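entry_22.cif follows; it contains mmCIF, C-alpha atoms and all ligand atoms.
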data_coords
loop_
_atom_site.group_PDB
_atom_site.id
_atom_site.type_symbol
_atom_site.label_atom_id
_atom_site.label_comp_id
_atom_site.auth_asym_id
_atom_site.auth_seq_id
_atom_site.Cartn_x
_atom_site.Cartn_y
_atom_site.Cartn_z
ATOM 1 C CA MET A 9 -32.425 1.710 4.082
ATOM 2 C CA ALA A 10 -31.866 5.380 4.890
ATOM 3 C CA VAL A 11 -30.965 7.572 1.923
ATOM 4 C CA PRO A 12 -29.187 10.950 2.324
ATOM 5 C CA LYS A 13 -31.632 13.771 1.667
ATOM 6 C CA ARG A 14 -29.029 16.360 0.651
ATOM 7 C CA ARG A 15 -25.816 16.106 -1.255
ATOM 8 C CA LYS A 16 -22.713 16.826 0.873
ATOM 9 C CA THR A 17 -21.367 20.338 0.257
ATOM 10 C CA ARG A 18 -18.042 20.869 -1.502
ATOM 11 C CA SER A 19 -16.669 22.030 1.832
ATOM 12 C CA LYS A 20 -17.704 18.828 3.663
ATOM 13 C CA MET A 21 -16.419 16.682 0.802
ATOM 14 C CA ARG A 22 -13.051 18.480 0.883
ATOM 15 C CA MET A 23 -12.827 18.201 4.682
ATOM 16 C CA ARG A 24 -13.242 14.436 4.372
ATOM 17 C CA ARG A 25 -10.740 14.149 1.518
ATOM 18 C CA ALA A 26 -8.198 16.255 3.380
ATOM 19 C CA HIS A 27 -7.258 13.072 5.265
ATOM 20 C CA TRP A 28 -6.474 11.034 2.121
ATOM 21 C CA LYS A 29 -2.718 11.010 1.898
ATOM 22 C CA VAL A 30 -0.124 9.128 -0.073
ATOM 23 C CA GLU A 31 2.149 7.069 2.152
ATOM 24 C CA ALA A 32 5.622 5.917 1.274
ATOM 25 C CA PRO A 33 5.713 2.108 0.970
ATOM 26 C CA THR A 34 7.548 0.203 3.698
ATOM 27 C CA TYR A 35 10.693 -1.572 2.595
ATOM 28 C CA SER A 36 13.173 -3.872 4.257
ATOM 29 C CA ALA A 37 16.461 -5.260 2.977
ATOM 30 C CA CYS A 38 16.511 -8.837 1.656
ATOM 31 C CA PRO A 39 18.816 -10.921 3.907
ATOM 32 C CA GLN A 40 19.963 -12.912 0.851
ATOM 33 C CA CYS A 41 20.845 -10.235 -1.715
ATOM 34 C CA ARG A 42 20.503 -6.955 0.270
ATOM 35 C CA GLN A 43 18.061 -5.537 -2.261
ATOM 36 C CA PRO A 44 15.073 -3.601 -0.883
ATOM 37 C CA LYS A 45 11.961 -5.751 -0.724
ATOM 38 C CA MET A 46 8.452 -5.552 0.695
ATOM 39 C CA PRO A 47 8.035 -7.174 4.119
ATOM 40 C CA HIS A 48 6.246 -10.583 4.114
ATOM 41 C CA ARG A 49 6.798 -10.914 0.355
ATOM 42 C CA VAL A 50 9.151 -13.085 -1.657
ATOM 43 C CA CYS A 51 12.187 -11.089 -2.769
ATOM 44 C CA GLY A 52 11.674 -9.897 -6.350
ATOM 45 C CA ASN A 53 15.400 -9.997 -7.055
ATOM 46 C CA CYS A 54 16.541 -13.413 -5.776
ATOM 47 C CA GLY A 55 13.228 -15.187 -5.078
ATOM 48 C CA TYR A 56 14.144 -16.018 -1.492
ATOM 49 C CA TYR A 57 11.691 -16.100 1.372
ATOM 50 C CA ALA A 58 12.238 -17.371 4.956
ATOM 51 C CA GLY A 59 15.804 -18.418 4.144
ATOM 52 C CA ARG A 60 15.051 -20.638 1.147
ATOM 53 C CA GLN A 61 14.464 -20.318 -2.610
ATOM 54 C CA ALA A 62 10.693 -19.892 -2.796
ATOM 55 C CA VAL A 63 10.370 -18.751 -6.440
ATOM 56 C CA GLU A 64 12.666 -19.574 -9.365
ATOM 57 C CA THR A 65 14.480 -16.569 -10.835
ATOM 58 C CA GLU A 66 16.656 -16.181 -13.927
HETATM 59 ZN ZN ZN A 101 16.740 -11.063 -2.403
#

Translate the structure described by the file into structure tokens.
Amino acid sequence: MAVPKRRKTRSKMRMRRAHWKVEAPTYSACPQCRQPKMPHRVCGNCGYYAGRQAVETE
């Protein structure tokens, strides 16, 4: 397998890392309790998913 002969310069490393950004997570409102939840996940507040109780909550 090919091995890089020279280490990448600080400049090249920083150019590459310039595209690493933090993104805000996507949220949607739970149709059951109106709390924000992650899409395609069971609601952490009421445990509902796809209109039914998927996980027991206290
Ligand atoms: Zn909910």

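If one restricts the calculation to only C-alpha atoms and all ligand atoms, the set of residues situated within 10 Å of ligand ZN 101 (chain A) consists of Ala37, Cys38, Pro39, Gln40, Cys41, Arg42, Gln43, Pro44, Lys45, Val50, Cys51, Gly52, Asn53, Cys54, Gly55, Tyr56, Tyr57, Gly59 and Gln61 of chain A.
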
Those same residues - C-alpha atoms - I'd like them written as an mmCIF file, in the frame of the given file.
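This went into again36.cif:
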data_model
loop_
_atom_site.group_PDB
_atom_site.id
_atom_site.type_symbol
_atom_site.label_atom_id
_atom_site.label_comp_id
_atom_site.auth_asym_id
_atom_site.auth_seq_id
_atom_site.Cartn_x
_atom_site.Cartn_y
_atom_site.Cartn_z
ATOM 1 C CA ALA A 37 16.461 -5.260 2.977
ATOM 2 C CA CYS A 38 16.511 -8.837 1.656
ATOM 3 C CA PRO A 39 18.816 -10.921 3.907
ATOM 4 C CA GLN A 40 19.963 -12.912 0.851
ATOM 5 C CA CYS A 41 20.845 -10.235 -1.715
ATOM 6 C CA ARG A 42 20.503 -6.955 0.270
ATOM 7 C CA GLN A 43 18.061 -5.537 -2.261
ATOM 8 C CA PRO A 44 15.073 -3.601 -0.883
ATOM 9 C CA LYS A 45 11.961 -5.751 -0.724
ATOM 10 C CA VAL A 50 9.151 -13.085 -1.657
ATOM 11 C CA CYS A 51 12.187 -11.089 -2.769
ATOM 12 C CA GLY A 52 11.674 -9.897 -6.350
ATOM 13 C CA ASN A 53 15.400 -9.997 -7.055
ATOM 14 C CA CYS A 54 16.541 -13.413 -5.776
ATOM 15 C CA GLY A 55 13.228 -15.187 -5.078
ATOM 16 C CA TYR A 56 14.144 -16.018 -1.492
ATOM 17 C CA TYR A 57 11.691 -16.100 1.372
ATOM 18 C CA GLY A 59 15.804 -18.418 4.144
ATOM 19 C CA GLN A 61 14.464 -20.318 -2.610
#

Worksheet item: In terms of the shortest atom-to-atom distance over all atoms listed in the file, which of A:Met46, A:Met21, A:Lys16, A:Glu66 is closest to Pro33 in chain A?
Response: A:Met46

Practice prompt. Could you state which residues are captured by the PyMOL selection byres (((chain A and resi 47) around 8) and not hetatm) in this file, as a count of residues only?
Written response: 7

Item to complete: Provide the CA of Met9 in chain A to CA of Met23 in chain A distance in Å, to one decimal place.
Response: 25.6 Å

Item to complete: Would you work out the distance separating CA of Glu31 in chain A from CA of Arg18 in chain A, expressed in Å to one decimal?
Response: 24.7 Å

Practice prompt. Find the distance between CA of Lys29 in chain A and CA of Thr17 in chain A and write it in Å to one decimal.
Written response: 20.9 Å

Just add N, CA and C atoms to range 38-52 of chain A and send it as a PDB file, in the frame of the given file.
ATOM      1  N   CYS A  38      16.524  -7.377   1.783  1.00  0.00           N
ATOM      2  CA  CYS A  38      16.511  -8.837   1.656  1.00  0.00           C
ATOM      3  C   CYS A  38      17.753  -9.398   2.349  1.00  0.00           C
ATOM      4  N   PRO A  39      17.620 -10.378   3.237  1.00  0.00           N
ATOM      5  CA  PRO A  39      18.816 -10.921   3.907  1.00  0.00           C
ATOM      6  C   PRO A  39      19.722 -11.698   2.954  1.00  0.00           C
ATOM      7  N   GLN A  40      19.191 -12.120   1.814  1.00  0.00           N
ATOM      8  CA  GLN A  40      19.963 -12.912   0.851  1.00  0.00           C
ATOM      9  C   GLN A  40      20.799 -12.021  -0.068  1.00  0.00           C
ATOM     10  N   CYS A  41      20.153 -11.022  -0.697  1.00  0.00           N
ATOM     11  CA  CYS A  41      20.845 -10.235  -1.715  1.00  0.00           C
ATOM     12  C   CYS A  41      20.946  -8.755  -1.353  1.00  0.00           C
ATOM     13  N   ARG A  42      20.396  -8.343  -0.201  1.00  0.00           N
ATOM     14  CA  ARG A  42      20.503  -6.955   0.270  1.00  0.00           C
ATOM     15  C   ARG A  42      19.697  -5.965  -0.559  1.00  0.00           C
ATOM     16  N   GLN A  43      18.909  -6.430  -1.470  1.00  0.00           N
ATOM     17  CA  GLN A  43      18.061  -5.537  -2.261  1.00  0.00           C
ATOM     18  C   GLN A  43      16.847  -5.140  -1.417  1.00  0.00           C
ATOM     19  N   PRO A  44      16.293  -3.944  -1.618  1.00  0.00           N
ATOM     20  CA  PRO A  44      15.073  -3.601  -0.883  1.00  0.00           C
ATOM     21  C   PRO A  44      13.910  -4.478  -1.329  1.00  0.00           C
ATOM     22  N   LYS A  45      13.136  -4.940  -0.386  1.00  0.00           N
ATOM     23  CA  LYS A  45      11.961  -5.751  -0.724  1.00  0.00           C
ATOM     24  C   LYS A  45      10.827  -5.402   0.232  1.00  0.00           C
ATOM     25  N   MET A  46       9.620  -5.776  -0.141  1.00  0.00           N
ATOM     26  CA  MET A  46       8.452  -5.552   0.695  1.00  0.00           C
ATOM     27  C   MET A  46       8.441  -6.589   1.811  1.00  0.00           C
ATOM     28  N   PRO A  47       8.107  -6.195   3.044  1.00  0.00           N
ATOM     29  CA  PRO A  47       8.035  -7.174   4.119  1.00  0.00           C
ATOM     30  C   PRO A  47       6.938  -8.214   3.865  1.00  0.00           C
ATOM     31  N   HIS A  48       7.176  -9.446   4.258  1.00  0.00           N
ATOM     32  CA  HIS A  48       6.246 -10.583   4.114  1.00  0.00           C
ATOM     33  C   HIS A  48       5.977 -10.921   2.662  1.00  0.00           C
ATOM     34  N   ARG A  49       6.909 -10.536   1.770  1.00  0.00           N
ATOM     35  CA  ARG A  49       6.798 -10.914   0.355  1.00  0.00           C
ATOM     36  C   ARG A  49       8.092 -11.609  -0.061  1.00  0.00           C
ATOM     37  N   VAL A  50       7.968 -12.468  -1.058  1.00  0.00           N
ATOM     38  CA  VAL A  50       9.151 -13.085  -1.657  1.00  0.00           C
ATOM     39  C   VAL A  50       9.983 -11.978  -2.294  1.00  0.00           C
ATOM     40  N   CYS A  51      11.303 -12.088  -2.174  1.00  0.00           N
ATOM     41  CA  CYS A  51      12.187 -11.089  -2.769  1.00  0.00           C
ATOM     42  C   CYS A  51      12.059 -11.132  -4.289  1.00  0.00           C
ATOM     43  N   GLY A  52      11.832  -9.967  -4.910  1.00  0.00           N
ATOM     44  CA  GLY A  52      11.674  -9.897  -6.350  1.00  0.00           C
ATOM     45  C   GLY A  52      12.978 -10.079  -7.096  1.00  0.00           C
TER      46      GLY A  52
END
